[in-house]
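**Q** For reference, the structure I am asking about is given below.
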Amino acid sequence: MNISATLQPDYVFLLTIGSVLISGILISALGRNTFLPRVSLLLLFGVIIGRGGLDLIPVIFSNQFEIISEIALLMVGFLLGGKLTVSSLEHYWRDTLWISIAAAVFTALIVTSALMVFGVPFELSIILGCLSSATDPAAILDVTQESNYTKSFKNLLLSIVSFDDAWALLLFGLGVAVVSSLSIVGAEYSALLIVAKDIGGAILIGLIIGFPAAFLTGRVKPGQPILSEALGAVFVCGGLALWLGVSFLIAAMVLGAVVGNFAKHHEQPLHAVEGIEWPFMVIFFVLAGANLELNTMGSVGLICAVYIPFRIIGKIVGASIGSRFSHADRQTRQWMGVALLPQAGVAIGMALVASSFIPEYHQMLLSVAVVSTVFFEIIGPIFTRFALQHVEHV
């Protein structure tokens with residue numbers, strides 16, 4: 001029984017927010033003094049106090065997970081997009097494109113092939129292979145911000161992650177099209193159209209909101225966009241994307257890229273949002289841990305025993321091959337794939353969509369997505385920090 005069930009909803013909500021934020025401060029301090037990044041610690045804390053643990057999270061609070069996660073990811077997308085400026089990419093745009101594409105494609109191919117070799121059905125292998133290409137921009141961004149990493153490896157990593165969701169969506173659309181074409185004539189076209197709408201619509205919304213935001217913000221207080229301007233642009237962009245059913249994360253990234261490149265009168269066009277995203281991130285990661293369904297792990301043990309190691313191999317091999325094509329340095333070839341291991345709930349979202357095309361594998365698909373997300377959300381940031389620290393100290 002949830003111990004907070006007898007309290008009044010308003011007290012419960014405020015007390016929970018305060019407790020989670022204070023816990024976030026303590027966990028951040030712990031993360032600075034241990035090898036575990038604060039993202040992994042926050043997720044573990046959420047698991048402990050969540051439904052699968054002590055069950056201390058009030059229902060009224062956990063029910064807000066969707067809107068909190070959307071707000072947090074909108075800010076992450078905006079900040080990541082803001083790093084895709086012409087000046088920042090001119091030195092490694094070739095690395096960004098080659099590595100991001102190769103890491104996504106080779107991961108999908110390697111995971112799909114491995115699953116088929118171990119006897120997993122063809123349709124399920126393809127969909128899971130496509131899901132494996134996705135990463136977690138929120139966790140990777142937080143790990144890079146947690147310490148003052150200075151080398152260009154960090155900026156290249158963030159640039160690659162900014163493109164990663166787009167490639168994952170494209171691969172997913174192609175995978176669903178292949179699976180659908182086996183049983184439904186013409187379904188491949190509808191699947192590709194859905195993905196084209198998702199990505200194209202998101203880009204269009206980001207551009208439509210981004211250009212006015214770039215030229216109109218920062219006028220009330222010359223040279224500095226105030227917080228209400230920045231949040232207004234981000235929330236309008238995200239709200240339109242959600243309303244129209246397109247990727248709000250990609251829309252926010254495009255918005256950030258447009259503002260970062262065209263707001264020439266701003267001294268720091270993204271500074272206003274950078275100061276407040278952490279409280280939302282704390283709540284997001286704690287609730288993400290609290291909502292992880294650990295009871296599904298046993299039902300898909302064999303498939304996950306193949307999926308997880310081969311996803312790791314795929315990311316490392318793909319990033320290494322992309323680095324060789326782009327003539328990146330040795331440290332990038334060795335460590336970029338390791339830094340790209342975090343995987344987020346976007347894989348679960350894609351699994352939900354795919355399950356409508358292969359309903360016979362609905363439960364198995366979702367279970368693998370949940371279990372792999374649990375593993376890579378907790379372990380992945382540790383690998384990311386390890387890669388960053390290794391490159392930083394070379």
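Identifiers in this document derive from the order of the structure tokens: chains are assigned A, B, ..., residues are numbered from 1 separately in each chain, and ligands are numbered from 1 in order of occurrence.
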Find the residues around Leu158 of chain A up to 12 Å (only C-alpha atoms counted), leave out those fewer than 2 positions away in its own chain, and share them as JSON, numbers by chain.

**A** {"A": [76, 77, 79, 80, 81, 82, 83, 84, 85, 88, 89, 92, 93, 95, 96, 99, 100, 135, 136, 137, 138, 139, 140, 141, 142, 143, 144, 145, 152, 153, 154, 155, 156, 160, 161, 162, 163, 164, 253, 336, 339, 340, 384, 388]}

**Q** Tell me which protein, DNA and RNA residues are within 12 Å of Gly238 of chain A, counting only C-alpha atoms, leaving out same-chain ones fewer than 2 positions away, and put them as a PDB file with C-alpha atoms, in the first residue's frame.

**A**
ATOM      1  CA  ILE A  67       4.009  15.683 -19.079  1.00  0.00           C
ATOM      2  CA  SER A  69       9.132  13.819 -19.347  1.00  0.00           C
ATOM      3  CA  GLU A  70       7.882  15.880 -22.289  1.00  0.00           C
ATOM      4  CA  ILE A  71       8.973  19.135 -20.628  1.00  0.00           C
ATOM      5  CA  ALA A  72      12.386  17.711 -19.733  1.00  0.00           C
ATOM      6  CA  LEU A  73      12.965  16.276 -23.213  1.00  0.00           C
ATOM      7  CA  LEU A  74      11.838  19.506 -24.876  1.00  0.00           C
ATOM      8  CA  MET A  75      14.543  21.359 -22.959  1.00  0.00           C
ATOM      9  CA  VAL A  76      17.097  18.671 -23.792  1.00  0.00           C
ATOM     10  CA  GLY A  77      16.196  18.871 -27.475  1.00  0.00           C
ATOM     11  CA  PHE A  78      16.384  22.664 -27.462  1.00  0.00           C
ATOM     12  CA  GLY A 201       6.550  17.782 -39.725  1.00  0.00           C
ATOM     13  CA  ALA A 202       8.876  18.184 -36.748  1.00  0.00           C
ATOM     14  CA  ILE A 203      11.460  20.006 -38.867  1.00  0.00           C
ATOM     15  CA  ILE A 205       7.416  23.203 -36.850  1.00  0.00           C
ATOM     16  CA  GLY A 206      10.931  23.865 -35.551  1.00  0.00           C
ATOM     17  CA  ILE A 209       8.692  28.709 -34.484  1.00  0.00           C
ATOM     18  CA  GLY A 210      12.457  29.052 -34.655  1.00  0.00           C
ATOM     19  CA  LEU A 231      10.254  28.800 -22.388  1.00  0.00           C
ATOM     20  CA  GLY A 232       7.418  30.263 -24.430  1.00  0.00           C
ATOM     21  CA  ALA A 233       9.132  29.336 -27.685  1.00  0.00           C
ATOM     22  CA  VAL A 234      10.051  25.851 -26.441  1.00  0.00           C
ATOM     23  CA  PHE A 235       6.565  25.061 -25.100  1.00  0.00           C
ATOM     24  CA  VAL A 236       4.719  26.417 -28.144  1.00  0.00           C
ATOM     25  CA  LEU A 240       2.275  22.078 -31.679  1.00  0.00           C
ATOM     26  CA  ALA A 241       4.395  18.993 -32.307  1.00  0.00           C
ATOM     27  CA  LEU A 242       2.389  16.908 -29.816  1.00  0.00           C
ATOM     28  CA  TRP A 243      -0.904  18.229 -31.167  1.00  0.00           C
ATOM     29  CA  LEU A 244       0.036  17.333 -34.749  1.00  0.00           C
ATOM     30  CA  GLY A 245       1.494  13.978 -33.748  1.00  0.00           C
ATOM     31  CA  VAL A 246       5.103  14.539 -34.839  1.00  0.00           C
ATOM     32  CA  SER A 247       8.402  14.166 -32.982  1.00  0.00           C
ATOM     33  CA  PHE A 248       8.508  16.924 -30.370  1.00  0.00           C
ATOM     34  CA  LEU A 249      12.155  16.095 -29.596  1.00  0.00           C
ATOM     35  CA  ILE A 250      13.264  16.699 -33.197  1.00  0.00           C
ATOM     36  CA  ALA A 251      11.090  19.831 -33.381  1.00  0.00           C
ATOM     37  CA  ALA A 252      12.800  21.201 -30.252  1.00  0.00           C
ATOM     38  CA  MET A 253      16.229  20.377 -31.685  1.00  0.00           C
ATOM     39  CA  VAL A 254      15.448  22.244 -34.905  1.00  0.00           C
ATOM     40  CA  LEU A 255      14.146  25.179 -32.853  1.00  0.00           C
ATOM     41  CA  GLY A 256      17.375  25.250 -30.839  1.00  0.00           C
TER      42      GLY A 256
END

**Q** What's the 6 Å shell around Gly318 of chain A, counting only C-alpha atoms, without same-chain residues fewer than 2 positions away, as a ChimeraX atom specification?

**A** /A:102-103,106,314-316,320-321

**Q** Could you check the closest approach to Pro37 of chain A for each of A:Ala214, A:Ala319, A:Glu146, A:Ala177 and tell me which residue wins, using only C-alpha atoms?

**A**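 Closest candidate: A:Glu146.
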
**Q** Using only C-alpha atoms, pick whichever of A:Ala166, A:Cys130, A:Leu341, A:Leu41 has the shortest atom-to-atom distance to Ala369 of chain A.

**A**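 Ranked by minimum distance to Ala369 of chain A, first place goes to A:Cys130.
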
**Q** Could you please determine the separation between atom CA of Ile348 of chain A and atom CA of Cys237 of chain A in Å, to one decimal place?

**A**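 Between atom CA of Ile348 of chain A and atom CA of Cys237 of chain A the gap works out to 23.3 Å.
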
**Q** So how many Å separate atom CA of Arg311 of chain A and atom CA of Glu392 of chain A, to one decimal?

**A**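 Atom CA of Arg311 of chain A sits 25.1 Å away from atom CA of Glu392 of chain A.
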
**Q** Env of Ile382 of chain A: 9 Å cut, atoms = only C-alpha atoms, seq-sep filter 4 positions within chain, self excluded. Answer as a PyMOL selection string.

**A** chain A and resi 35-37+39-40+143+339+342+378+386-387

**Q** My list of candidates is A:Val391, A:Leu26, A:Ala344, A:Ile358. Which is closest to Ser125 of chain A when distances are computed with only C-alpha atoms?

**A**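 The closest residue to Ser125 of chain A is A:Ile358.
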
**Q** Using Å and a single decimal, report how far atom CA of Ser87 of chain A sits from atom CA of Val317 of chain A.

**A**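 Answer for the atom CA of Val317 of chain A to atom CA of Ser87 of chain A separation: 29.0 Å.
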
**Q** Could you make a table, as CSV, of the residues of segment 65-173 of chain A that have an atom within 9 Å of an atom of segment 360-366 of chain A, each with its nearest atom pair and distance in Å to one decimal, counting only C-alpha atoms, in chain and number order?

**A**
residue,atom,partner,partner_atom,distance
A:Glu123,CA,A:Tyr361,CA,9.0
A:Leu124,CA,A:Tyr361,CA,7.1
A:Ile127,CA,A:Leu365,CA,8.4
A:Leu128,CA,A:Leu365,CA,7.4

**Q** So, counting only C-alpha atoms, which residue among A:Ala104, A:Val368, A:Ala257, A:Val282 is closest to Phe211 of chain A?

**A**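 Closest to Phe211 of chain A, using only C-alpha atoms: A:Ala257.
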